[in-house]
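Below is the file run_18.cif, which contains mmCIF, C-alpha atoms.
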```
data_start
loop_
_atom_site.label_atom_id
_atom_site.label_comp_id
_atom_site.auth_asym_id
_atom_site.auth_seq_id
_atom_site.Cartn_x
_atom_site.Cartn_y
_atom_site.Cartn_z
CA LYS U 4 -38.96 3.46 16.38
CA ASN U 5 -37.31 0.70 18.39
CA GLN U 6 -39.37 -2.46 18.51
CA VAL U 7 -38.23 -3.11 22.10
CA GLU U 8 -38.70 -0.41 24.71
CA GLN U 9 -37.31 -0.71 28.22
CA SER U 10 -38.12 1.30 31.29
CA PRO U 11 -36.90 2.88 33.36
CA GLN U 12 -33.75 4.02 31.61
CA SER U 13 -31.92 4.01 34.93
CA LEU U 14 -32.72 3.04 38.47
CA ILE U 15 -31.02 3.48 41.84
CA ILE U 16 -32.06 1.32 44.77
CA LEU U 17 -30.69 0.44 48.19
CA GLU U 18 -29.13 -2.92 48.87
CA GLY U 19 -31.68 -5.46 50.00
CA LYS U 20 -34.61 -3.82 48.21
CA ASN U 21 -36.59 -5.36 45.37
CA CYS U 22 -37.06 -3.82 41.94
CA THR U 23 -38.87 -4.49 38.68
CA LEU U 24 -37.67 -3.64 35.20
CA GLN U 25 -40.05 -3.42 32.26
CA CYS U 26 -39.81 -4.42 28.61
CA ASN U 27 -42.51 -3.71 26.01
CA TYR U 28 -42.14 -4.99 22.47
CA THR U 29 -43.84 -4.93 19.11
CA VAL U 30 -41.71 -7.62 17.46
CA SER U 31 -43.91 -9.98 15.48
CA PRO U 32 -44.26 -12.85 14.96
CA PHE U 33 -42.80 -13.48 18.37
CA SER U 34 -40.35 -16.30 18.96
CA ASN U 35 -38.72 -15.73 22.33
CA LEU U 36 -37.63 -13.08 24.82
CA ARG U 37 -34.37 -13.02 26.71
CA TRP U 38 -33.11 -10.93 29.59
CA TYR U 39 -29.38 -10.31 29.77
CA LYS U 40 -27.24 -8.76 32.49
CA GLN U 41 -24.24 -6.76 31.35
CA ASP U 42 -21.55 -5.57 33.71
CA THR U 43 -19.59 -2.51 32.62
CA GLY U 44 -17.02 -3.37 29.98
CA ARG U 45 -18.13 -7.00 29.75
CA GLY U 46 -20.36 -8.96 27.43
CA PRO U 47 -24.02 -9.62 28.28
CA VAL U 48 -24.80 -12.76 30.26
CA SER U 49 -28.10 -14.56 29.78
CA LEU U 50 -30.46 -14.57 32.75
CA THR U 51 -33.64 -16.08 31.31
CA ILE U 52 -35.18 -17.09 28.00
CA MET U 53 -38.92 -17.34 27.56
CA THR U 54 -41.01 -18.65 24.71
CA PHE U 55 -44.62 -17.89 23.86
CA SER U 56 -46.08 -20.52 26.18
CA GLU U 57 -44.09 -19.52 29.26
CA ASN U 58 -45.24 -16.70 31.49
CA THR U 59 -42.82 -16.99 34.41
CA LYS U 60 -39.24 -18.13 34.70
CA SER U 61 -36.86 -17.78 37.62
CA ASN U 62 -33.10 -17.81 37.92
CA GLY U 63 -32.15 -17.40 41.56
CA ARG U 64 -33.19 -13.94 42.71
CA TYR U 65 -34.23 -13.01 39.16
CA THR U 66 -37.80 -13.72 38.02
CA ALA U 67 -38.96 -12.87 34.53
CA THR U 68 -42.58 -12.69 33.47
CA LEU U 69 -44.06 -12.59 30.00
CA ASP U 70 -47.50 -11.53 28.83
CA ALA U 71 -47.57 -12.40 25.14
CA ASP U 72 -51.02 -10.88 24.73
CA THR U 73 -49.98 -7.41 25.84
CA LYS U 74 -46.41 -7.91 24.58
CA GLN U 75 -44.90 -7.03 27.92
CA SER U 76 -42.20 -8.60 30.04
CA SER U 77 -40.78 -7.73 33.41
CA LEU U 78 -37.67 -8.71 35.32
CA HIS U 79 -38.05 -8.72 39.08
CA ILE U 80 -34.95 -8.70 41.26
CA THR U 81 -35.42 -9.76 44.86
CA ALA U 82 -33.23 -8.74 47.79
CA SER U 83 -30.84 -6.79 45.62
CA GLN U 84 -27.09 -7.04 46.11
CA LEU U 85 -24.30 -4.65 45.18
CA SER U 86 -23.26 -7.10 42.46
CA ASP U 87 -26.63 -6.60 40.76
CA SER U 88 -25.41 -3.18 39.61
CA ALA U 89 -25.33 -3.57 35.83
CA SER U 90 -27.29 -2.92 32.67
CA TYR U 91 -30.21 -5.24 32.00
CA ILE U 92 -31.05 -5.76 28.36
CA CYS U 93 -34.26 -7.19 26.95
CA VAL U 94 -33.87 -9.01 23.63
CA VAL U 95 -36.84 -10.16 21.58
CA SER U 96 -36.50 -12.56 18.67
CA ALA U 97 -38.84 -12.81 15.72
CA GLN U 98 -39.69 -16.16 14.21
CA LYS U 99 -38.30 -15.11 10.85
CA ASN U 100 -34.58 -15.90 10.78
CA ASN U 101 -34.56 -15.63 14.59
CA ASP U 102 -34.04 -11.90 14.00
CA MET U 103 -33.16 -10.30 17.36
CA ARG U 104 -34.21 -6.84 18.49
CA PHE U 105 -32.49 -5.22 21.45
CA GLY U 106 -33.82 -2.86 24.04
CA ALA U 107 -31.62 0.05 25.06
CA GLY U 108 -31.29 -1.44 28.53
CA THR U 109 -31.96 -0.34 32.09
CA ARG U 110 -28.97 0.80 34.09
CA LEU U 111 -29.40 -0.47 37.67
CA THR U 112 -27.29 0.87 40.51
CA VAL U 113 -27.51 -0.79 43.91
CA LYS U 114 -26.17 1.34 46.74
CA PRO U 115 -25.15 0.16 50.22
CA LYS G 10 -15.96 -25.58 28.82
CA ALA G 11 -14.34 -22.41 27.51
CA GLY G 12 -16.61 -19.48 26.74
CA VAL G 13 -16.60 -17.19 23.74
CA THR G 14 -13.16 -15.66 23.33
CA GLN G 15 -12.61 -12.34 21.66
CA THR G 16 -9.24 -10.84 20.81
CA PRO G 17 -7.88 -8.34 21.30
CA ARG G 18 -9.65 -6.89 24.35
CA TYR G 19 -8.61 -3.33 23.59
CA LEU G 20 -7.50 -1.63 20.42
CA ILE G 21 -6.63 1.92 19.43
CA LYS G 22 -6.57 2.82 15.76
CA THR G 23 -6.28 5.98 13.71
CA ARG G 24 -8.93 7.27 11.34
CA GLY G 25 -8.58 5.74 7.90
CA GLN G 26 -6.92 2.55 9.12
CA GLN G 27 -8.50 -0.86 9.00
CA VAL G 28 -8.94 -3.36 11.82
CA THR G 29 -9.62 -7.06 12.20
CA LEU G 30 -11.26 -8.52 15.29
CA SER G 31 -11.34 -12.19 16.14
CA CYS G 32 -13.92 -14.40 17.84
CA SER G 33 -13.63 -18.04 18.90
CA PRO G 34 -17.05 -19.49 19.71
CA ILE G 35 -17.89 -22.12 22.27
CA SER G 36 -16.91 -25.56 21.03
CA GLY G 37 -19.78 -27.04 19.07
CA HIS G 38 -21.46 -23.69 18.39
CA ARG G 39 -21.72 -23.15 14.65
CA SER G 40 -23.52 -19.80 14.69
CA VAL G 41 -21.54 -16.64 15.38
CA SER G 42 -23.02 -13.15 15.51
CA TRP G 43 -21.38 -9.76 15.78
CA TYR G 44 -22.74 -6.64 17.47
CA GLN G 45 -21.68 -3.06 17.93
CA GLN G 46 -22.47 -1.41 21.24
CA THR G 47 -22.22 2.32 21.84
CA PRO G 48 -23.62 4.41 24.71
CA GLY G 49 -25.94 6.27 22.37
CA GLN G 50 -27.22 3.42 20.19
CA GLY G 51 -27.09 0.42 22.48
CA LEU G 52 -26.54 -3.01 20.94
CA GLN G 53 -26.83 -3.16 17.18
CA PHE G 54 -26.66 -6.31 15.09
CA LEU G 55 -23.90 -6.43 12.50
CA PHE G 56 -24.09 -9.90 10.95
CA GLU G 57 -24.45 -13.58 11.66
CA TYR G 58 -22.52 -16.50 10.25
CA PHE G 59 -23.46 -20.15 10.22
CA SER G 60 -21.28 -22.85 8.70
CA GLU G 61 -19.06 -20.28 6.97
CA THR G 62 -22.04 -18.53 5.33
CA GLN G 63 -23.42 -15.12 6.20
CA ARG G 64 -27.00 -15.80 7.21
CA ASN G 65 -28.13 -12.35 8.34
CA LYS G 66 -26.84 -8.84 7.97
CA GLY G 67 -27.67 -5.69 9.87
CA ASN G 68 -27.89 -2.17 8.55
CA PHE G 69 -24.22 -1.21 8.49
CA PRO G 70 -22.12 0.17 5.61
CA GLY G 71 -19.98 -2.09 3.45
CA ARG G 72 -16.88 -1.03 5.40
CA PHE G 73 -17.98 -3.64 7.94
CA SER G 74 -17.40 -7.19 6.80
CA GLY G 75 -16.87 -10.57 8.31
CA ARG G 76 -16.16 -14.18 7.64
CA GLN G 77 -16.28 -17.53 9.35
CA PHE G 78 -13.79 -20.33 9.05
CA SER G 79 -14.38 -24.07 8.93
CA ASN G 80 -13.62 -24.36 12.65
CA SER G 81 -16.41 -21.80 13.32
CA ARG G 82 -13.97 -19.10 14.36
CA SER G 83 -14.99 -15.75 12.97
CA GLU G 84 -13.36 -12.45 12.14
CA MET G 85 -14.84 -9.07 11.44
CA ASN G 86 -13.08 -6.34 9.54
CA VAL G 87 -13.70 -2.64 9.49
CA SER G 88 -11.98 -0.65 6.75
CA THR G 89 -11.39 3.10 6.52
CA LEU G 90 -12.12 3.62 10.20
CA GLU G 91 -14.15 6.63 11.31
CA LEU G 92 -14.33 8.24 14.74
CA GLY G 93 -17.90 6.99 15.04
CA ASP G 94 -16.70 3.39 14.81
CA SER G 95 -15.39 3.66 18.37
CA ALA G 96 -17.43 1.10 20.28
CA LEU G 97 -17.48 -2.19 22.11
CA TYR G 98 -17.70 -4.99 19.52
CA LEU G 99 -19.33 -8.11 20.85
CA CYS G 100 -19.40 -11.58 19.43
CA ALA G 101 -21.94 -14.21 20.45
CA SER G 102 -22.29 -17.86 19.60
CA THR G 103 -25.12 -20.35 19.80
CA THR G 104 -26.01 -23.85 18.68
CA GLY G 105 -28.99 -22.31 16.91
CA GLY G 106 -32.78 -22.34 17.19
CA THR G 107 -34.10 -20.90 20.43
CA SER G 108 -30.91 -21.66 22.33
CA GLY G 109 -29.52 -18.70 24.18
CA TYR G 110 -26.62 -16.71 22.83
CA THR G 111 -23.39 -16.67 24.79
CA PHE G 112 -21.47 -13.44 24.46
CA GLY G 113 -17.77 -12.82 24.64
CA SER G 114 -16.32 -10.00 26.70
CA GLY G 115 -15.92 -7.84 23.63
CA THR G 116 -13.23 -5.82 21.95
CA ARG G 117 -13.12 -2.16 22.91
CA LEU G 118 -12.13 -0.25 19.76
CA THR G 119 -11.12 3.39 20.01
CA VAL G 120 -10.58 5.37 16.84
CA VAL G 121 -8.55 8.56 17.23
#
```
Full structure transcribed into structure tokens:
Amino acid sequence: KNQVEQSPQSLIILEGKNCTLQCNYTVSPFSNLRWYKQDTGRGPVSLTIMTFSENTKSNGRYTATLDADTKQSSLHITASQLSDSASYICVVSAQKNNDMRFGAGTRLTVKP
Amino acid sequence: KAGVTQTPRYLIKTRGQQVTLSCSPISGHRSVSWYQQTPGQGLQFLFEYFSETQRNKGNFPGRFSGRQFSNSRSEMNVSTLELGDSALYLCASTTGGTSGYTFGSGTRLTVV
């Protein structure tokens, strides 16, 4: 069983709308959690990185939250744009060897 | 500064052949990791190198190997290619610790 589960698997929204992507993990002991955006055929690009003590971090229209107690994170996208269409991948690192576990990603499509 | 550079971008090989992929990390980054990404399996960790030493290894067969040179550039090699090796191979570099990983654009390998 994957130690990082993302939902939904795919999402279609209209331009200008907000959306929230979810990431639940069981990785332990926890070191940090990253959200990446990956355009088709390109490498992932880091959006945010959060450690145990951080529960909110923003990067422009992207806001990530972390609840280390429930082992849940969310990525909220505000006022979506067509260029937000991509896969969003949650990556959780364990303290041991900074071992990274990847979620399967959420495929977001923003339509005009 | 230049990002992570992977060459070639696209590659077509025949079953049974071997292939070598190259990755030049961001200047100053001594850690280089390799990943395989397929639609069905998502991102999977292959191995990580730091200062020319393999520090971590994922769960892949011995046909997958890598190395890192003194200038931190890295190569990965896949021998006796199988159809299932068709994937996007991503390289990422970091300074280490909890610093974020910067990914290259990947090499798209197709095995026919």
Hits of the PyMOL selection byres ((chain G) within 6 of (chain U)) in this structure, as JSON, numbers by chain: {"G": [51, 112, 113, 114, 115]}
The PyMOL selection byres ((chain U and resi 59-67) around 6) resolved against shown file, as an NGL selection string: :U and (57-58 or 68 or 77-81)
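Shortest separation to Leu92 in chain G among G:Gly71, G:Thr29, G:Lys22, G:Arg39 occurs at residue G:Lys22, atoms counted being all atoms listed in the file.
With all atoms listed in the file as the basis for measurement, G:Ser83 is the residue among G:Thr47, G:Ser83, G:Ser88, G:Thr111 that approaches Ser33 in chain G most closely.
Reported to one decimal place, the separation of CA of Val120 in chain G from CA of Thr89 in chain G is 10.6 Å.
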Answer key for the PyMOL selection byres ((chain G and resi 31) around 12), residues as an NGL selection string: :G and (13-19 or 28-30 or 32-34 or 41-43 or 75-78 or 81-87 or 98-101 or 113-116)
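For Thr109 in chain U, the list of residues within 7 Å, based on all atoms listed in the file and with local chain neighbours fewer than 6 positions off taken out, reads Gln9, Ser10, Pro11, Gln12, Ser13, Ser90, Tyr91 and Ile92 of chain U.
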I need the residues from that last selection saved to file as a CSV table (one decimal), in the frame of the given file (with C-alpha atoms), if you can.
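As a result, out-v7.csv now contains:
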```
chain,number,residue,atom,x,y,z
U,9,GLN,CA,-37.3,-0.7,28.2
U,10,SER,CA,-38.1,1.3,31.3
U,11,PRO,CA,-36.9,2.9,33.4
U,12,GLN,CA,-33.8,4.0,31.6
U,13,SER,CA,-31.9,4.0,34.9
U,90,SER,CA,-27.3,-2.9,32.7
U,91,TYR,CA,-30.2,-5.2,32.0
U,92,ILE,CA,-31.0,-5.8,28.4
```
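Here CA of Gln6 in chain U stands at a distance of 16.5 Å from CA of Gly49 in chain G.
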Exercise: Pro115 in chain U partners within 8 Å, all atoms listed in the file, chain neighbours under 4 positions left out, as a list in words: Leu17, Glu18 and Leu85 of chain U
Contacts of Ser40 in chain G within 8 Å, only C-alpha atoms, excl. fewer than 5 positions in-chain, as number ranges by chain: G: 57-60, 81, 102-105
Pro70 in chain G environment, 12 Å, all atoms listed in the file, sequence neighbours closer than 2 positions dropped, as a count of residues only: 15
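Here CA of Leu69 in chain U stands at a distance of 8.1 Å from CA of Phe55 in chain U.
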Given all atoms listed in the file as the counted atoms, nearest of G:Tyr44, G:Arg24, G:His38, G:Gln50 to Ser79 in chain G: G:His38
Generate N, CA, C and O atoms for range 88-113 of chain U and emit them as a CSV table (one decimal), in the frame of the given file.
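What follows is the written file out_22.csv:
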```csv
chain,number,residue,atom,x,y,z
U,88,SER,N,-25.6,-4.4,40.4
U,88,SER,CA,-25.4,-3.2,39.6
U,88,SER,C,-24.9,-3.5,38.2
U,88,SER,O,-23.8,-4.1,38.1
U,89,ALA,N,-25.7,-3.2,37.2
U,89,ALA,CA,-25.3,-3.6,35.8
U,89,ALA,C,-26.4,-3.0,34.9
U,89,ALA,O,-27.4,-2.4,35.4
U,90,SER,N,-26.2,-3.2,33.6
U,90,SER,CA,-27.3,-2.9,32.7
U,90,SER,C,-28.1,-4.2,32.4
U,90,SER,O,-27.4,-5.3,32.3
U,91,TYR,N,-29.4,-4.1,32.3
U,91,TYR,CA,-30.2,-5.2,32.0
U,91,TYR,C,-30.9,-5.0,30.7
U,91,TYR,O,-31.6,-4.0,30.5
U,92,ILE,N,-30.6,-5.9,29.8
U,92,ILE,CA,-31.0,-5.8,28.4
U,92,ILE,C,-32.1,-6.8,28.0
U,92,ILE,O,-31.9,-8.0,28.3
U,93,CYS,N,-33.2,-6.3,27.4
U,93,CYS,CA,-34.3,-7.2,27.0
U,93,CYS,C,-34.1,-7.4,25.5
U,93,CYS,O,-33.9,-6.5,24.7
U,94,VAL,N,-34.1,-8.7,25.0
U,94,VAL,CA,-33.9,-9.0,23.6
U,94,VAL,C,-35.0,-9.9,23.2
U,94,VAL,O,-35.3,-10.9,23.7
U,95,VAL,N,-35.7,-9.4,22.1
U,95,VAL,CA,-36.8,-10.2,21.6
U,95,VAL,C,-36.5,-10.7,20.2
U,95,VAL,O,-36.0,-9.9,19.3
U,96,SER,N,-36.8,-11.9,20.0
U,96,SER,CA,-36.5,-12.6,18.7
U,96,SER,C,-37.8,-12.8,17.9
U,96,SER,O,-38.8,-13.2,18.5
U,97,ALA,N,-37.7,-12.5,16.6
U,97,ALA,CA,-38.8,-12.8,15.7
U,97,ALA,C,-38.7,-14.2,15.1
U,97,ALA,O,-37.5,-14.7,15.0
U,98,GLN,N,-39.8,-14.8,14.7
U,98,GLN,CA,-39.7,-16.2,14.2
U,98,GLN,C,-38.9,-16.2,12.9
U,98,GLN,O,-38.2,-17.2,12.6
U,99,LYS,N,-39.0,-15.1,12.1
U,99,LYS,CA,-38.3,-15.1,10.8
U,99,LYS,C,-36.8,-15.0,11.1
U,99,LYS,O,-36.4,-14.0,11.6
U,100,ASN,N,-36.0,-16.0,10.7
U,100,ASN,CA,-34.6,-15.9,10.8
U,100,ASN,C,-34.1,-15.7,12.2
U,100,ASN,O,-32.9,-15.3,12.4
U,101,ASN,N,-34.9,-15.9,13.2
U,101,ASN,CA,-34.6,-15.6,14.6
U,101,ASN,C,-34.0,-14.2,14.8
U,101,ASN,O,-33.1,-14.0,15.6
U,102,ASP,N,-34.5,-13.3,14.0
U,102,ASP,CA,-34.0,-11.9,14.0
U,102,ASP,C,-34.2,-11.3,15.4
U,102,ASP,O,-35.3,-11.4,16.0
U,103,MET,N,-33.1,-10.8,16.0
U,103,MET,CA,-33.2,-10.3,17.4
U,103,MET,C,-33.3,-8.8,17.4
U,103,MET,O,-32.6,-8.1,16.6
U,104,ARG,N,-34.1,-8.3,18.3
U,104,ARG,CA,-34.2,-6.8,18.5
U,104,ARG,C,-33.8,-6.5,19.9
U,104,ARG,O,-34.3,-7.2,20.8
U,105,PHE,N,-33.0,-5.5,20.1
U,105,PHE,CA,-32.5,-5.2,21.4
U,105,PHE,C,-33.1,-4.0,22.0
U,105,PHE,O,-33.3,-3.0,21.3
U,106,GLY,N,-33.5,-4.1,23.3
U,106,GLY,CA,-33.8,-2.9,24.0
U,106,GLY,C,-32.6,-2.1,24.4
U,106,GLY,O,-31.5,-2.6,24.3
U,107,ALA,N,-32.8,-0.8,24.7
U,107,ALA,CA,-31.6,0.0,25.1
U,107,ALA,C,-31.0,-0.3,26.4
U,107,ALA,O,-30.0,0.2,26.8
U,108,GLY,N,-31.8,-1.0,27.2
U,108,GLY,CA,-31.3,-1.4,28.5
U,108,GLY,C,-31.7,-0.5,29.7
U,108,GLY,O,-32.1,0.6,29.4
U,109,THR,N,-31.7,-1.1,30.9
U,109,THR,CA,-32.0,-0.3,32.1
U,109,THR,C,-30.7,-0.4,32.9
U,109,THR,O,-30.2,-1.5,33.2
U,110,ARG,N,-30.2,0.7,33.3
U,110,ARG,CA,-29.0,0.8,34.1
U,110,ARG,C,-29.4,0.8,35.6
U,110,ARG,O,-30.0,1.7,36.1
U,111,LEU,N,-29.1,-0.3,36.3
U,111,LEU,CA,-29.4,-0.5,37.7
U,111,LEU,C,-28.2,-0.2,38.5
U,111,LEU,O,-27.1,-0.8,38.3
U,112,THR,N,-28.3,0.6,39.5
U,112,THR,CA,-27.3,0.9,40.5
U,112,THR,C,-27.8,0.5,41.9
U,112,THR,O,-28.9,1.0,42.3
U,113,VAL,N,-27.1,-0.4,42.6
U,113,VAL,CA,-27.5,-0.8,43.9
U,113,VAL,C,-26.5,-0.2,44.9
U,113,VAL,O,-25.3,-0.4,44.8
```
